[in-house]
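Undergrad: Below you will find the structure I want to go over with you.
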Amino acid sequence: MPGPSMFVPHRRRRRGAALTLVFAGVLATGAATGSWEADARGGPLPGAARAAHTAGRTAAAKTDDRPSASTTRSGDRWGGVYSAREYEGFQRALHGEYIGVGLSVRRAADGRMEVEGVERDSPAARAGIAPGDRLRSVDGTEVTGRPVTDVVARLRGETSGTGTAVRLGLARDGGQEWERTLRRERLRTRSVVADRFRDGSAAGTRIKVESFTRGTGRQVRAAVRGTGPREGVLLDLRGNSGGLVTEAVTSASAFLDGGLVATYDVHGRQRVLEARPGGDVRRPLVVLVDGGTMSAGELLAGALQDRGRAVVVGSRTFGKGSVQMPRPLPDGSVAELTVGHWRTPSGRTVDGRGITPDLVVHGDAEPRARSVLGGLGPGA
């Protein structure tokens, strides 16, 4: 169990450590999706999404995805209490690591559990499981109709140890059904994926950022440096579930020549977050967002929008602009309580409001975003 020392006991250092979790909020819970579904009692519950529910990445998610009774009574919308094991997994996820089989799943409209993605070189990939396959059962328990968080918890297992086995029941179009027993491994997430595209006269590089785990900012900067001299960048933050604020600021530094990224307060004390100088300020830039873009993802999108550096395209973001600080409890669990809020460079409050794109597009906004990027032209 983690002791107080893992949270850095000195006040100044503890605040600094807490900021690595600021804007992470529910990094690995369904609330990161922006989509909602009703539970059996009619109340809203966070729904499922690819970025939020990769198997083995949801250590921080409570089983029912609802705030604890104590935080609900206090009115702390984003507060939560996590067991020592949950919080340890949460910290591991922020480092881009998890223990699992390499599957991400989503719940279809009819309740079926479908494989959303398969990590390269993972147990699932080696077993031949592919996106689009249906997950019927985990260790003999039917998963159709269950919350995604429950399915992910079963995929992770009680101990979530490497080498432990999990038996999956699967199905594929055409009536094929089979079972596979996989053994969990320690895996690394790919938080940044860059690929070139050409769409008519528009050409550029799409940089997809799933979440801000350790090293994400460095990967974004490398992806920008790797683009062609006359190419624009499509920064895809759709479904981005947040993460480490320092990584979001480093990502902003890839496109800004210093200056303000955000302001925030902790217990009423004002602070600033600033980009490093030397970023690429001339390359055309379009940022894609949706209802699943939250916290650190919103911080980055808001900074680039307010600074006039990018055109933001898509739908209104989730709206999580609060600051959480962890506090260890005597039984080894950890409480995360809201201690402040952050604002964009122009002073906009995001919490509960989200960020409205410059160009609102419902449905798949990527084709429109590519068109906008092509219209900006080289050196815009």
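Residue numbering restarts at 1 in every chain; chains get A, B, ... in the order shown in the structure tokens, and ligands count up from 1 in that same order.
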Give me every alpha helix (DSSP H) residue in range 77-142 of chain A, going by DSSP on the backbone, as a PDB file with N, CA, C and O atoms, in the first residue's frame.

TA:
```pdb
ATOM      1  N   ALA A  84      -6.241   1.899  -2.481  1.00  0.00           N
ATOM      2  CA  ALA A  84      -4.801   1.981  -2.734  1.00  0.00           C
ATOM      3  C   ALA A  84      -4.450   1.319  -4.064  1.00  0.00           C
ATOM      4  O   ALA A  84      -3.628   1.840  -4.829  1.00  0.00           O
ATOM      5  N   ARG A  85      -5.078   0.169  -4.373  1.00  0.00           N
ATOM      6  CA  ARG A  85      -4.781  -0.525  -5.634  1.00  0.00           C
ATOM      7  C   ARG A  85      -5.279   0.274  -6.829  1.00  0.00           C
ATOM      8  O   ARG A  85      -4.606   0.350  -7.865  1.00  0.00           O
ATOM      9  N   GLU A  86      -6.454   0.869  -6.706  1.00  0.00           N
ATOM     10  CA  GLU A  86      -6.985   1.686  -7.792  1.00  0.00           C
ATOM     11  C   GLU A  86      -6.069   2.867  -8.075  1.00  0.00           C
ATOM     12  O   GLU A  86      -5.766   3.187  -9.220  1.00  0.00           O
ATOM     13  N   TYR A  87      -5.611   3.514  -7.003  1.00  0.00           N
ATOM     14  CA  TYR A  87      -4.787   4.699  -7.200  1.00  0.00           C
ATOM     15  C   TYR A  87      -3.409   4.335  -7.745  1.00  0.00           C
ATOM     16  O   TYR A  87      -2.832   5.076  -8.541  1.00  0.00           O
ATOM     17  N   GLU A  88      -2.904   3.200  -7.332  1.00  0.00           N
ATOM     18  CA  GLU A  88      -1.629   2.740  -7.876  1.00  0.00           C
ATOM     19  C   GLU A  88      -1.756   2.517  -9.376  1.00  0.00           C
ATOM     20  O   GLU A  88      -0.875   2.892 -10.157  1.00  0.00           O
ATOM     21  N   GLY A  89      -2.862   1.912  -9.788  1.00  0.00           N
ATOM     22  CA  GLY A  89      -3.099   1.708 -11.214  1.00  0.00           C
ATOM     23  C   GLY A  89      -3.279   3.016 -11.950  1.00  0.00           C
ATOM     24  O   GLY A  89      -2.851   3.172 -13.102  1.00  0.00           O
ATOM     25  N   PHE A  90      -3.909   3.972 -11.284  1.00  0.00           N
ATOM     26  CA  PHE A  90      -4.096   5.295 -11.864  1.00  0.00           C
ATOM     27  C   PHE A  90      -2.749   5.949 -12.123  1.00  0.00           C
ATOM     28  O   PHE A  90      -2.505   6.503 -13.204  1.00  0.00           O
ATOM     29  N   GLN A  91      -1.851   5.874 -11.156  1.00  0.00           N
ATOM     30  CA  GLN A  91      -0.514   6.440 -11.324  1.00  0.00           C
ATOM     31  C   GLN A  91       0.231   5.737 -12.462  1.00  0.00           C
ATOM     32  O   GLN A  91       0.934   6.371 -13.248  1.00  0.00           O
ATOM     33  N   ARG A  92       0.059   4.428 -12.542  1.00  0.00           N
ATOM     34  CA  ARG A  92       0.721   3.668 -13.597  1.00  0.00           C
ATOM     35  C   ARG A  92       0.195   4.100 -14.965  1.00  0.00           C
ATOM     36  O   ARG A  92       0.955   4.222 -15.936  1.00  0.00           O
ATOM     37  N   ALA A  93      -1.126   4.340 -15.043  1.00  0.00           N
ATOM     38  CA  ALA A  93      -1.730   4.776 -16.299  1.00  0.00           C
ATOM     39  C   ALA A  93      -1.174   6.122 -16.731  1.00  0.00           C
ATOM     40  O   ALA A  93      -0.973   6.380 -17.923  1.00  0.00           O
ATOM     41  N   LEU A  94      -0.915   7.008 -15.765  1.00  0.00           N
ATOM     42  CA  LEU A  94      -0.355   8.312 -16.100  1.00  0.00           C
ATOM     43  C   LEU A  94       1.066   8.197 -16.633  1.00  0.00           C
ATOM     44  O   LEU A  94       1.563   9.108 -17.285  1.00  0.00           O
ATOM     45  N   PRO A 123      -0.995  -9.572 -26.039  1.00  0.00           N
ATOM     46  CA  PRO A 123      -1.576 -10.918 -26.043  1.00  0.00           C
ATOM     47  C   PRO A 123      -2.795 -11.028 -26.957  1.00  0.00           C
ATOM     48  O   PRO A 123      -2.973 -12.036 -27.648  1.00  0.00           O
ATOM     49  N   ALA A 124      -3.633  -9.992 -26.981  1.00  0.00           N
ATOM     50  CA  ALA A 124      -4.827 -10.024 -27.834  1.00  0.00           C
ATOM     51  C   ALA A 124      -4.444 -10.052 -29.312  1.00  0.00           C
ATOM     52  O   ALA A 124      -5.043 -10.771 -30.110  1.00  0.00           O
ATOM     53  N   ALA A 125      -3.429  -9.252 -29.677  1.00  0.00           N
ATOM     54  CA  ALA A 125      -2.993  -9.227 -31.075  1.00  0.00           C
ATOM     55  C   ALA A 125      -2.424 -10.571 -31.488  1.00  0.00           C
ATOM     56  O   ALA A 125      -2.708 -11.079 -32.587  1.00  0.00           O
ATOM     57  N   ARG A 126      -1.628 -11.178 -30.614  1.00  0.00           N
ATOM     58  CA  ARG A 126      -1.026 -12.475 -30.947  1.00  0.00           C
ATOM     59  C   ARG A 126      -2.068 -13.578 -31.040  1.00  0.00           C
ATOM     60  O   ARG A 126      -1.850 -14.583 -31.720  1.00  0.00           O
TER      61      ARG A 126
END
```

Undergrad: If you run DSSP on the backbone, which residues of range 119-325 of chain A are strand (DSSP E), as a ChimeraX atom specification?

TA: /A:134-138,141-142,165-172,176-183,185-188,192-199,202-209,232-236,259-266,269-275,285-289,311-314,322-325

Undergrad: Would you give me, as a tab-separated table, each residue of range 121-219 of chain A having an atom within 10 Å of an atom of range 286-294 of chain A, along with its shortest atom pair and that distance in Å to one decimal, using only C-alpha atoms and sorting by chain and residue number?

TA:
```
residue	atom	partner	partner_atom	distance
A:Arg206	CA	A:Val286	CA	9.6
A:Ile207	CA	A:Val287	CA	9.6
A:Lys208	CA	A:Leu288	CA	9.3
A:Glu210	CA	A:Thr293	CA	9.5
A:Ser211	CA	A:Thr293	CA	9.5
```

Undergrad: To one decimal place, how far is CA of Ser315 in chain A from CA of Val118 in chain A in Å?

TA: 27.0 Å

Undergrad: Using only C-alpha atoms, which protein or nucleic acid residues come within 12 Å of Arg230 in chain A? Drop anything in the same chain fewer than 3 positions from it, and give the result as a list in words.

TA: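 With the cut-off at 12 Å, the set is Ala202, Ala203, Gly204, Thr205, Val224, Arg225, Gly226, Thr227, Val233, Arg282, Arg283, Pro284, Leu285, Leu373, Gly374, Leu376, Gly377, Pro378, Gly379 and Ala380 of chain A.
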
Undergrad: Env of range 134-145 of chain A: 8 Å cut, atoms = only C-alpha atoms, seq-sep filter 2 positions within chain, self excluded. Answer as a PyMOL selection string.

TA: chain A and resi 107+110-115+132+147+151+154-155+166-172

Undergrad: Rounded to one decimal in Å, what is the spacing between CA of Ala165 in chain A and CA of Arg106 in chain A?

TA: 21.8 Å

Undergrad: State, in Å with one decimal place, the distance from CA of Arg238 in chain A to CA of Gly102 in chain A.

TA: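 Distance between the two atoms: 20.9 Å.
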
Undergrad: Have a look at A:Glu274, A:Glu179, A:Asp265, A:Asp236 and name the one nearest to Glu366 in chain A; count only C-alpha atoms.

TA: A:Asp236

Undergrad: Do you know which residues are at most 8 Å from Glu97 in chain A counting only C-alpha atoms, after dropping those on the same chain fewer than 6 positions away, and could you put them as a ChimeraX atom specification?

TA: /A:57,186-189

Undergrad: Quick one: everything within 9 Å of Arg218 in chain A, counting only C-alpha atoms, minus sequence neighbours fewer than 3 positions away in the same chain. Send it as a PyMOL selection string.

TA: chain A and resi 214-215+221-223+247+250-251+254

Undergrad: Could you write those residues out with all heavy atoms, as a short mmCIF file (atom, residue, chain, number, x, y, z; two decimals), in the first residue's frame?

TA:
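The result, stored in result_12.cif:
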```
data_model
loop_
_atom_site.label_atom_id
_atom_site.label_comp_id
_atom_site.auth_asym_id
_atom_site.auth_seq_id
_atom_site.Cartn_x
_atom_site.Cartn_y
_atom_site.Cartn_z
N ARG A 214 2.92 10.42 -19.42
CA ARG A 214 4.28 10.91 -19.37
C ARG A 214 4.99 10.69 -20.72
O ARG A 214 4.98 9.60 -21.26
CB ARG A 214 5.05 10.20 -18.25
CG ARG A 214 6.28 10.97 -17.79
CD ARG A 214 6.81 10.43 -16.49
NE ARG A 214 5.84 10.48 -15.41
CZ ARG A 214 5.54 11.58 -14.71
NH1 ARG A 214 6.12 12.72 -15.02
NH2 ARG A 214 4.66 11.53 -13.74
N GLY A 215 5.55 11.75 -21.25
CA GLY A 215 6.25 11.68 -22.53
C GLY A 215 5.42 12.12 -23.72
O GLY A 215 5.94 12.24 -24.83
N ARG A 221 5.92 17.10 -29.97
CA ARG A 221 6.95 17.97 -30.54
C ARG A 221 7.72 17.24 -31.65
O ARG A 221 8.02 17.82 -32.70
CB ARG A 221 7.91 18.45 -29.46
CG ARG A 221 7.28 19.39 -28.44
CD ARG A 221 8.25 19.71 -27.30
NE ARG A 221 9.35 20.54 -27.77
CZ ARG A 221 9.35 21.87 -27.70
NH1 ARG A 221 8.31 22.51 -27.19
NH2 ARG A 221 10.39 22.57 -28.14
N ALA A 222 8.03 15.96 -31.43
CA ALA A 222 8.75 15.18 -32.43
C ALA A 222 7.90 15.00 -33.69
O ALA A 222 8.41 15.06 -34.82
CB ALA A 222 9.15 13.82 -31.86
N ALA A 223 6.59 14.78 -33.49
CA ALA A 223 5.70 14.61 -34.64
C ALA A 223 5.62 15.89 -35.46
O ALA A 223 5.58 15.84 -36.70
CB ALA A 223 4.31 14.20 -34.16
N GLU A 247 2.38 17.73 -19.48
CA GLU A 247 2.48 17.22 -20.85
C GLU A 247 1.62 18.04 -21.80
O GLU A 247 1.98 18.23 -22.97
CB GLU A 247 2.09 15.74 -20.90
CG GLU A 247 2.97 14.83 -20.05
CD GLU A 247 4.42 14.81 -20.51
OE1 GLU A 247 4.70 15.12 -21.70
OE2 GLU A 247 5.30 14.49 -19.69
N THR A 250 3.66 21.16 -22.48
CA THR A 250 4.75 20.85 -23.40
C THR A 250 4.22 20.70 -24.83
O THR A 250 4.87 21.14 -25.79
CB THR A 250 5.48 19.56 -22.98
OG1 THR A 250 6.00 19.72 -21.66
CG2 THR A 250 6.62 19.23 -23.93
N SER A 251 3.04 20.10 -24.96
CA SER A 251 2.42 19.98 -26.29
C SER A 251 2.10 21.35 -26.86
O SER A 251 2.31 21.61 -28.05
CB SER A 251 1.16 19.14 -26.20
OG SER A 251 1.44 17.82 -25.77
N ALA A 254 4.91 23.15 -28.56
CA ALA A 254 5.28 22.76 -29.92
C ALA A 254 4.73 23.74 -30.95
O ALA A 254 5.24 23.81 -32.07
CB ALA A 254 4.77 21.35 -30.22
#
```
